[in-house]
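A.B. asks: So here's final_18.txt (compact mmCIF, C-alpha atoms).
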# COMPACT_ATOMS: atom_id res chain seq x y z
CA MET A 1 176.70 279.64 100.89
CA TYR A 2 175.27 276.37 102.20
CA VAL A 3 177.08 275.19 105.33
CA ILE A 4 176.60 272.01 107.38
CA ILE A 5 177.82 272.12 110.96
CA VAL A 6 178.18 268.91 112.94
CA GLY A 7 178.22 269.19 116.72
CA GLY A 8 176.15 271.63 118.73
CA GLY A 9 178.49 272.18 121.65
CA ARG A 10 179.69 275.63 122.53
CA VAL A 11 181.80 275.95 119.37
CA GLY A 12 179.03 274.66 117.12
CA TYR A 13 176.45 276.87 118.75
CA TYR A 14 178.40 280.11 118.37
CA LEU A 15 179.52 279.20 114.86
CA THR A 16 175.89 278.58 113.89
CA LYS A 17 174.82 281.87 115.42
CA GLU A 18 177.54 283.85 113.65
CA LEU A 19 176.92 282.25 110.26
CA LEU A 20 173.18 282.77 110.54
CA ALA A 21 173.75 286.41 111.38
CA ALA A 22 175.97 286.70 108.31
CA GLY A 23 173.05 285.43 106.22
CA HIS A 24 174.32 281.96 105.30
CA GLU A 25 172.05 279.02 104.71
CA LEU A 26 172.92 276.28 107.17
CA VAL A 27 171.91 273.21 109.04
CA LEU A 28 173.31 271.99 112.34
CA LEU A 29 173.48 268.27 113.14
CA GLU A 30 173.39 267.51 116.86
CA LYS A 31 172.65 264.00 118.03
CA ASP A 32 171.68 264.81 121.60
CA PRO A 33 167.92 265.60 121.52
CA ARG A 34 168.06 267.83 124.60
CA ARG A 35 170.83 269.97 123.22
CA ALA A 36 169.21 270.05 119.79
CA HIS A 37 165.95 271.20 121.32
CA GLN A 38 167.67 273.90 123.31
CA ILE A 39 169.38 275.33 120.22
CA THR A 40 166.18 275.10 118.16
CA ASP A 41 164.38 277.16 120.79
CA GLU A 42 166.99 279.81 120.52
CA LEU A 43 168.01 279.90 116.88
CA GLY A 44 165.00 278.46 115.05
CA SER A 45 164.46 275.24 113.14
CA ILE A 46 167.91 274.82 111.68
CA VAL A 47 168.79 271.81 113.81
CA MET A 48 168.51 268.15 112.79
CA THR A 49 168.68 265.72 115.71
CA LYS A 50 170.96 263.31 113.88
CA ASP A 51 174.42 261.82 114.17
CA GLY A 52 176.47 263.53 111.47
CA CYS A 53 178.91 260.61 111.32
CA GLU A 54 176.34 258.54 109.46
CA GLY A 55 176.41 258.91 105.72
CA LYS A 56 172.64 258.63 105.55
CA HIS A 57 172.19 261.67 107.76
CA LEU A 58 174.74 263.76 105.90
CA ALA A 59 172.83 262.93 102.72
CA GLU A 60 169.54 264.00 104.32
CA ALA A 61 171.17 267.23 105.38
CA GLY A 62 172.06 267.90 101.75
CA ALA A 63 175.80 267.31 101.94
CA SER A 64 176.10 266.89 98.18
CA ARG A 65 175.24 270.55 97.63
CA ALA A 66 177.08 271.95 100.67
CA SER A 67 180.00 274.33 100.11
CA ILE A 68 181.39 273.73 103.58
CA VAL A 69 181.10 271.00 106.17
CA ALA A 70 182.44 271.95 109.60
CA ALA A 71 182.86 269.16 112.17
CA VAL A 72 183.23 270.75 115.59
CA THR A 73 182.30 268.05 118.10
CA GLY A 74 184.46 267.38 121.14
CA ASP A 75 185.65 264.06 119.71
CA ASP A 76 188.45 264.04 117.17
CA GLU A 77 187.47 260.68 115.76
CA ASP A 78 183.95 261.90 115.01
CA ASN A 79 185.24 265.07 113.40
CA LEU A 80 187.62 263.09 111.19
CA VAL A 81 184.91 260.70 110.05
CA VAL A 82 182.48 263.53 109.26
CA CYS A 83 185.11 265.31 107.16
CA GLN A 84 186.24 262.18 105.34
CA MET A 85 182.66 261.16 104.55
CA ALA A 86 181.89 264.71 103.38
CA LYS A 87 184.99 264.91 101.22
CA HIS A 88 185.06 261.48 99.67
CA HIS A 89 181.43 260.48 99.67
CA PHE A 90 179.79 263.81 98.89
CA ALA A 91 182.62 265.73 97.22
CA VAL A 92 182.19 268.70 99.55
CA PRO A 93 184.74 271.31 98.40
CA ARG A 94 185.76 272.52 101.85
CA THR A 95 185.90 270.55 105.09
CA ILE A 96 186.81 271.99 108.46
CA ALA A 97 187.63 269.91 111.54
CA ARG A 98 188.06 270.86 115.14
CA VAL A 99 191.05 268.94 116.47
CA ASN A 100 191.25 268.59 120.23
CA ASN A 101 194.44 266.57 120.44
CA PRO A 102 197.12 268.66 118.68
CA ARG A 103 198.97 265.45 117.78
CA ASN A 104 196.18 264.60 115.36
CA GLU A 105 196.73 267.73 113.27
CA PRO A 106 199.24 266.26 110.79
CA LEU A 107 197.16 263.12 110.31
CA PHE A 108 193.99 265.10 109.65
CA ARG A 109 195.81 267.28 107.13
CA HIS A 110 197.36 264.26 105.50
CA LEU A 111 193.96 262.61 105.18
CA GLY A 112 192.62 265.59 103.27
CA VAL A 113 190.81 267.74 105.84
CA ASP A 114 191.08 271.26 104.37
CA GLU A 115 191.07 273.40 107.47
CA ILE A 116 192.00 272.57 111.02
CA ILE A 117 190.91 274.43 114.11
CA SER A 118 192.81 273.49 117.22
CA PRO A 119 191.43 275.08 120.37
CA THR A 120 194.09 273.35 122.45
CA ARG A 121 196.87 274.84 120.37
CA MET A 122 195.27 278.26 120.44
CA VAL A 123 195.06 278.25 124.22
CA LEU A 124 198.59 276.90 124.53
CA GLY A 125 199.83 279.51 122.10
CA ALA A 126 198.16 282.29 124.04
CA ILE A 127 199.71 281.07 127.29
CA GLU A 128 203.12 280.55 125.69
CA GLN A 129 203.20 284.18 124.67
CA ASP A 130 202.95 285.16 128.31
CA ILE A 131 205.21 282.46 129.68
CA PRO A 132 208.02 281.78 127.24
CA VAL A 133 208.52 278.06 127.82
CA HIS A 134 210.56 277.48 124.69
CA GLU A 135 213.08 279.74 123.11
CA LEU A 136 211.12 279.30 119.89
CA LEU A 137 207.77 280.98 120.25
CA HIS A 138 204.93 280.26 117.82
CA LEU A 139 203.32 283.60 117.04
CA ALA A 140 200.91 282.76 114.24
CA GLN A 141 200.02 280.25 111.58
CA LEU A 142 199.56 281.25 107.96
CA GLU A 143 198.23 279.48 104.87
CA GLY A 144 196.18 277.02 106.86
CA GLY A 145 199.11 275.93 108.99
CA GLU A 146 201.62 275.50 106.16
CA LEU A 147 203.66 278.47 107.36
CA GLU A 148 204.46 279.69 110.81
CA VAL A 149 205.60 283.00 112.20
CA LEU A 150 208.09 282.35 114.98
CA GLU A 151 210.10 284.31 117.45
CA ALA A 152 213.51 282.93 118.37
CA GLN A 153 215.43 284.03 121.44
CA ILE A 154 219.15 284.10 120.76
CA GLY A 155 220.82 282.56 123.80
CA PRO A 156 224.45 281.86 124.70
CA ARG A 157 224.42 278.40 123.07
CA SER A 158 223.04 279.75 119.78
CA PRO A 159 225.32 279.09 116.79
CA ALA A 160 224.06 282.39 115.34
CA VAL A 161 225.84 284.59 117.90
CA GLY A 162 228.23 286.96 116.15
CA GLN A 163 227.07 285.80 112.71
CA HIS A 164 225.60 287.69 109.78
CA PRO A 165 222.34 286.48 108.22
CA ALA A 166 224.25 285.07 105.23
CA ASP A 167 226.30 282.82 107.56
CA ILE A 168 223.22 281.00 108.81
CA ARG A 169 222.17 277.93 106.88
CA LEU A 170 218.44 278.44 106.84
CA PRO A 171 216.06 275.73 105.76
CA GLU A 172 214.51 276.35 102.36
CA GLY A 173 211.43 278.54 102.35
CA CYS A 174 212.41 280.17 105.61
CA SER A 175 213.25 283.82 106.11
CA LEU A 176 214.33 286.06 108.96
CA PHE A 177 212.89 289.49 108.78
CA ILE A 178 212.89 291.39 112.03
CA LEU A 179 215.45 291.74 114.79
CA ILE A 180 214.32 292.96 118.19
CA ARG A 181 217.12 294.34 120.35
CA ASP A 182 216.48 296.27 123.55
CA GLU A 183 212.80 296.39 122.66
CA VAL A 184 213.51 298.12 119.36
CA ALA A 185 212.49 296.35 116.16
CA GLN A 186 214.65 296.68 113.07
CA ALA A 187 214.66 295.01 109.69
CA ILE A 188 217.33 292.33 109.27
CA ARG A 189 219.93 293.53 106.77
CA PRO A 190 222.90 291.64 105.30
CA ASP A 191 225.24 293.48 107.71
CA SER A 192 223.21 292.77 110.87
CA THR A 193 224.93 290.61 113.49
CA PHE A 194 223.14 288.53 116.08
CA GLU A 195 223.86 288.97 119.77
CA VAL A 196 222.83 287.14 122.89
CA GLY A 197 219.47 288.50 124.03
CA ASP A 198 218.24 289.34 120.53
CA LYS A 199 214.86 288.19 119.37
CA VAL A 200 214.44 287.24 115.75
CA ILE A 201 211.10 287.07 113.99
CA ALA A 202 211.07 284.49 111.22
CA ILE A 203 208.66 282.85 108.84
CA THR A 204 209.17 279.19 108.14
CA ARG A 205 207.43 276.20 106.67
CA THR A 206 205.95 274.34 109.64
CA GLU A 207 208.00 271.19 109.05
CA CYS A 208 211.27 273.20 109.08
CA SER A 209 210.82 274.70 112.53
CA ALA A 210 213.07 272.06 114.13
CA GLU A 211 215.87 272.93 111.71
CA LEU A 212 215.36 276.62 112.37
CA HIS A 213 215.55 275.87 116.09
CA GLU A 214 218.93 274.25 115.55
CA GLN A 215 220.30 277.20 113.55
CA LEU A 216 219.08 280.00 115.79
CA ILE A 217 218.88 278.46 119.24
CA GLY A 218 221.15 275.46 119.18
CA GLU A 219 220.74 271.71 119.37
CA GLU A 220 217.28 270.46 120.28
CA PRO A 221 217.18 269.18 123.84
CA THR A 222 217.18 265.38 124.09
CA PRO A 223 213.82 264.11 122.83
CA GLU A 224 211.66 262.38 125.41
CA LEU A 225 212.68 258.78 125.86
CA VAL A 226 210.31 256.27 124.36
CA ALA A 227 210.02 252.98 126.18
CA HIS A 228 209.24 249.99 124.04
CA PRO A 229 207.75 246.96 125.67
CA MET B 230 205.02 230.89 110.07
CA ALA B 231 207.65 233.17 111.60
CA PRO B 232 206.51 235.00 114.75
CA THR B 233 204.88 238.32 113.94
CA ARG B 234 204.06 241.34 116.07
CA SER B 235 200.47 242.54 116.40
CA ILE B 236 198.88 245.52 118.07
CA VAL B 237 195.31 245.07 119.27
CA VAL B 238 193.38 248.19 120.26
CA GLY B 239 190.39 247.45 122.48
CA CYS B 240 190.41 244.56 124.93
CA GLY B 241 186.75 243.60 124.64
CA ARG B 242 185.64 240.05 123.89
CA VAL B 243 186.86 240.20 120.33
CA GLY B 244 190.08 242.06 121.15
CA ALA B 245 190.99 239.76 124.02
CA GLY B 246 190.05 236.77 121.86
CA ILE B 247 192.32 237.59 118.92
CA ALA B 248 195.12 238.64 121.29
CA GLU B 249 195.04 235.27 123.06
CA HIS B 250 194.68 233.40 119.80
CA LEU B 251 197.80 235.09 118.41
CA ALA B 252 199.77 234.72 121.64
CA ARG B 253 198.96 231.02 121.88
CA ALA B 254 200.24 230.58 118.33
CA GLY B 255 203.59 232.01 119.48
CA HIS B 256 203.23 235.53 118.10
CA GLU B 257 204.10 238.75 119.87
CA VAL B 258 201.00 240.75 120.88
CA VAL B 259 200.45 244.13 122.53
CA VAL B 260 196.89 244.89 123.68
CA ILE B 261 195.87 248.49 124.33
CA ASP B 262 192.79 249.53 126.27
CA ILE B 263 191.72 252.70 128.00
CA SER B 264 190.64 250.76 131.08
CA THR B 265 192.78 248.38 133.13
CA ASP B 266 189.65 246.43 134.06
CA ALA B 267 189.34 245.30 130.48
CA PHE B 268 192.58 243.33 130.80
CA SER B 269 190.84 240.96 133.23
CA ARG B 270 189.32 239.41 130.13
CA LEU B 271 192.76 238.04 129.23
CA GLU B 272 193.80 234.58 130.42
CA PRO B 273 196.05 234.64 133.50
CA ASP B 274 198.87 233.08 131.48
CA PHE B 275 198.52 235.52 128.55
CA SER B 276 202.03 235.87 127.17
CA GLY B 277 201.54 239.22 125.44
CA THR B 278 201.84 242.78 126.78
CA ALA B 279 198.97 244.95 128.01
CA VAL B 280 199.26 248.73 127.69
CA ARG B 281 196.78 251.08 129.30
CA GLY B 282 196.05 254.11 127.15
CA ASP B 283 193.98 255.71 124.43
CA GLY B 284 194.44 253.79 121.19
CA THR B 285 193.63 256.89 119.16
CA ASP B 286 196.60 258.75 120.66
CA GLU B 287 199.72 258.66 118.54
CA ALA B 288 202.00 258.74 121.60
CA VAL B 289 200.28 255.72 123.15
CA LEU B 290 200.52 253.78 119.90
CA ARG B 291 204.21 254.63 119.63
CA ARG B 292 204.84 253.52 123.20
CA ALA B 293 203.08 250.24 122.47
CA GLY B 294 205.51 249.63 119.62
CA THR B 295 203.20 250.18 116.66
CA GLU B 296 206.15 251.19 114.56
CA GLY B 297 207.42 248.04 112.90
CA ALA B 298 204.37 245.95 113.82
CA ASP B 299 203.09 243.48 111.22
CA TYR B 300 199.40 243.61 112.07
CA PHE B 301 197.13 246.21 113.61
CA PHE B 302 193.61 245.46 114.82
CA ALA B 303 191.29 248.36 115.73
CA LEU B 304 188.57 246.63 117.75
CA THR B 305 187.09 249.10 120.24
CA GLU B 306 183.36 249.59 120.63
CA GLY B 307 183.45 252.89 118.74
CA ASP B 308 183.44 252.80 114.94
CA ASN B 309 184.99 256.23 114.66
CA ARG B 310 187.68 255.48 117.22
CA ASN B 311 188.59 252.41 115.20
CA ILE B 312 188.70 254.46 112.02
CA LEU B 313 191.03 257.06 113.57
CA SER B 314 193.22 254.47 115.22
CA ALA B 315 193.53 252.37 112.05
CA GLN B 316 194.39 255.38 109.92
CA LEU B 317 197.10 256.40 112.40
CA ALA B 318 198.57 252.91 112.15
CA GLU B 319 198.45 252.99 108.38
CA GLU B 320 199.52 256.55 107.64
CA ILE B 321 201.84 257.46 110.51
CA PHE B 322 203.30 254.07 111.44
CA SER B 323 203.06 252.37 108.01
CA VAL B 324 201.83 249.09 109.48
CA PRO B 325 201.40 246.80 106.45
CA LYS B 326 198.24 244.98 107.57
CA VAL B 327 195.60 247.10 109.30
CA VAL B 328 191.98 246.25 109.93
CA ALA B 329 189.22 248.33 111.54
CA LYS B 330 186.02 246.95 112.98
CA ILE B 331 183.20 249.19 111.74
CA ASN B 332 179.75 248.03 112.76
CA ASP B 333 177.79 250.61 110.76
CA PRO B 334 177.49 248.98 107.31
CA VAL B 335 177.35 252.31 105.44
CA ARG B 336 180.52 253.60 107.07
CA ALA B 337 182.21 250.22 106.65
CA ALA B 338 181.49 250.23 102.94
CA ALA B 339 182.60 253.86 102.57
CA TYR B 340 185.95 253.21 104.27
CA ALA B 341 186.50 249.95 102.41
CA ASP B 342 186.10 252.01 99.23
CA LEU B 343 188.59 254.50 100.63
CA GLY B 344 191.15 251.73 100.96
CA LEU B 345 190.88 250.71 104.61
CA SER B 346 190.43 247.02 105.42
CA THR B 347 187.23 246.71 107.38
CA LEU B 348 185.28 244.12 109.29
CA CYS B 349 181.58 244.77 109.73
CA ARG B 350 179.95 242.63 112.39
CA THR B 351 176.48 243.66 111.26
CA THR B 352 176.76 242.50 107.65
CA SER B 353 178.79 239.44 108.68
CA LEU B 354 176.05 238.30 111.05
CA VAL B 355 173.28 239.07 108.59
CA ASP B 356 175.11 237.03 105.98
CA ASP B 357 175.66 234.13 108.39
CA LEU B 358 172.02 234.12 109.45
CA GLY B 359 170.86 234.36 105.85
CA ARG B 360 172.96 231.36 104.93
CA PHE B 361 171.58 229.50 107.95
CA ALA B 362 168.14 230.16 106.49
CA GLY B 363 169.23 228.78 103.13
CA LEU B 364 169.87 232.08 101.35
CA PRO B 365 172.84 232.42 99.00
CA PRO B 366 175.88 234.21 100.51
CA MET B 367 175.95 237.99 100.14
CA ALA B 368 178.91 239.21 98.10
CA GLY B 369 181.67 240.65 100.27
CA ALA B 370 179.58 240.56 103.43
CA SER B 371 181.59 238.13 105.54
CA GLY B 372 185.15 238.39 106.72
CA VAL B 373 187.56 241.25 106.34
CA ARG B 374 187.00 243.44 103.30
CA THR B 375 190.52 244.01 102.14
CA ALA B 376 191.65 247.30 100.80
CA SER B 377 191.91 247.32 97.03
CA GLY B 378 194.43 250.09 96.52
CA HIS B 379 196.43 252.55 98.49
CA HIS B 380 194.59 254.53 101.07
CA ALA B 381 192.86 257.29 99.20
CA HIS B 382 193.04 260.77 100.61
CA GLY B 383 193.56 264.35 99.67
CA PRO B 384 191.74 266.49 97.20
CA ALA B 385 193.08 264.55 94.21
CA ASP B 386 191.32 261.40 95.34
CA LEU B 387 187.72 262.17 94.71
CA THR B 388 187.15 258.90 92.91
CA MET B 389 184.41 258.08 95.40
CA ALA B 390 182.31 260.81 93.90
CA ALA B 391 181.25 258.49 91.10
CA ALA B 392 180.86 255.42 93.31
CA PRO B 393 177.43 253.91 93.74
CA GLY B 394 175.86 254.87 97.02
CA GLY B 395 177.88 258.06 97.01
CA PRO B 396 176.30 261.36 96.10
CA ALA B 397 173.53 259.43 94.36
CA LEU B 398 171.84 259.38 97.77
CA PRO B 399 168.94 261.79 97.74
CA ALA B 400 169.81 265.25 98.95
CA ALA B 401 166.97 266.48 101.10
CA PRO B 402 166.33 270.20 101.16
CA ALA B 403 167.63 271.97 104.21
CA PRO B 404 165.02 272.64 106.85
CA GLU B 405 163.29 275.98 106.70
CA ARG B 406 164.73 278.74 108.75
What does this structure look like when you write it as structure tokens?

C.D. replies:
Amino acid sequence: MYVIIVGGGRVGYYLTKELLAAGHELVLLEKDPRRAHQITDELGSIVMTKDGCEGKHLAEAGASRASIVAAVTGDDEDNLVVCQMAKHHFAVPRTIARVNNPRNEPLFRHLGVDEIISPTRMVLGAIEQDIPVHELLHLAQLEGGELEVLEAQIGPRSPAVGQHPADIRLPEGCSLFILIRDEVAQAIRPDSTFEVGDKVIAITRTECSAELHEQLIGEEPTPELVAHP
Amino acid sequence: MAPTRSIVVGCGRVGAGIAEHLARAGHEVVVIDISTDAFSRLEPDFSGTAVRGDGTDEAVLRRAGTEGADYFFALTEGDNRNILSAQLAEEIFSVPKVVAKINDPVRAAAYADLGLSTLCRTTSLVDDLGRFAGLPPMAGASGVRTASGHHAHGPADLTMAAAPGGPALPAAPAPER
């Protein structure tokens, strides 16, 4: 497979190394000559000292025959432009963007970036698992972020307390499948009832997680106030 | 003309200029810049609002009141920042009139084809100078290139593939390993 990687930072460097080891054909675009030189010394002449945001350079790198373009620089705007140019100008079948500001994820998806890697979210997710800041814990993303595996803590203000699964109005495309009580996991059956202290593992469409929060945990806390000038 | 509301991202010479121009004409203006120093470019009696923050951050744009704005100008020094900022305004905040300053002519043309209104200083200046030297005006070089259709995105919108200057560009072989 022919892969173009844009950005030779730590992510780009290790990605290049891994893909080379797996036998893929690739080229890395890194605009900083010093960094490009450093990587060339180590990995061989697979580096072009060019700015991948420029259409001309993507063309020189052979974008029109690339199967994948991965934009992994530290700047979201650059990664978006690389992916959009690759997708719309060179018809690259698969584009991957590193997104540093998690707020940009929906926009990038909406604009047609196929795969999104969010280091910030990954780190946050890893920390969240150790320190449960929200009652709704994000355990994993599936289907490129379309679906999420969540853990909900049933607290005293949960409308689900004392209810059976059939009593809960779940958003469409959402299912509850495991109940953890006293550190024992059991499948959720029609006759299960939810108690305070239970943990429920659910799969939901990402956009329905707020609704799921309402059903299993209770009303969302007041959203942050937005001041308009 | 009824007063409108504009968001200007980037308080450089151009950003400050359009912000003052609009404010003097009685319109509501919010200028966003990452550095407070940049606001010193504004006249002391500037009647608009200045917001310090990153114009590519959705939260900053929301705080500045991008939702419901009539015009959005992405005028920072970075082409890609302008592209991201403008697309946020268009796609997330549904601002009806959005323009991005893109100084790289190739990128400007590519995004104009994608449906973003763009202003390319480079081609504008070249056109102006050419006309000064008696050359005929270049088609579509000066002023804002307005978007023809809806913003194209997603896998279904690969219309660009057949556009001139698209994949017709020569594909160089990858360097030897």

A.B. asks: Could you please tell me, as a PyMOL selection string, which residues of chain A have an atom within 8 Å of chain B when using only C-alpha atoms?

C.D. replies: chain A and resi 26-27+44-47+54-56+59-65+77-78+80-81+85+87-91+103-104+107+110-113+226-229

A.B. asks: Can you work out which one of A:Arg169, A:Arg189, A:Arg35, A:His57 has the shortest atom-to-atom distance to A:Leu212, counting all atoms listed in the file?

C.D. replies: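 Selected residue with least distance to A:Leu212: A:Arg169.
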
A.B. asks: What is the distance between atom CA of A:Gly197 and atom CA of A:Leu176, in Å to one decimal?

C.D. replies: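 Separation of atom CA of A:Gly197 and atom CA of A:Leu176: 16.1 Å.
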
A.B. asks: Which residues are near stretch 9-20 of chain A? Cut-off 10 Å, only C-alpha atoms, ignore same chain within fewer than 5 positions. Put them as an MDAnalysis selection string.

C.D. replies: (chainID A and resid 1 3:4 25:30 35:36 39 42:43 46:47 70:74 98 119) or (chainID B and resid 406)

A.B. asks: Rounded to one decimal in Å, what is the spacing between atom CA of A:Gln38 and atom CA of A:Ala21?

C.D. replies: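 Rounded to one decimal, the two atoms are 18.3 Å apart.
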
A.B. asks: Can you work out the spacing between atom CA of B:Tyr300 and atom CA of B:Ser235 in Å, to one decimal?

C.D. replies: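 One can read the atom CA of B:Tyr300 to atom CA of B:Ser235 distance as 4.6 Å.
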
A.B. asks: Which of these residues is nearest to B:Ala303, using only C-alpha atoms: B:Val328, B:Val355, B:Val289, B:Leu251?

C.D. replies: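 The answer is B:Val328, which sits nearest to B:Ala303.
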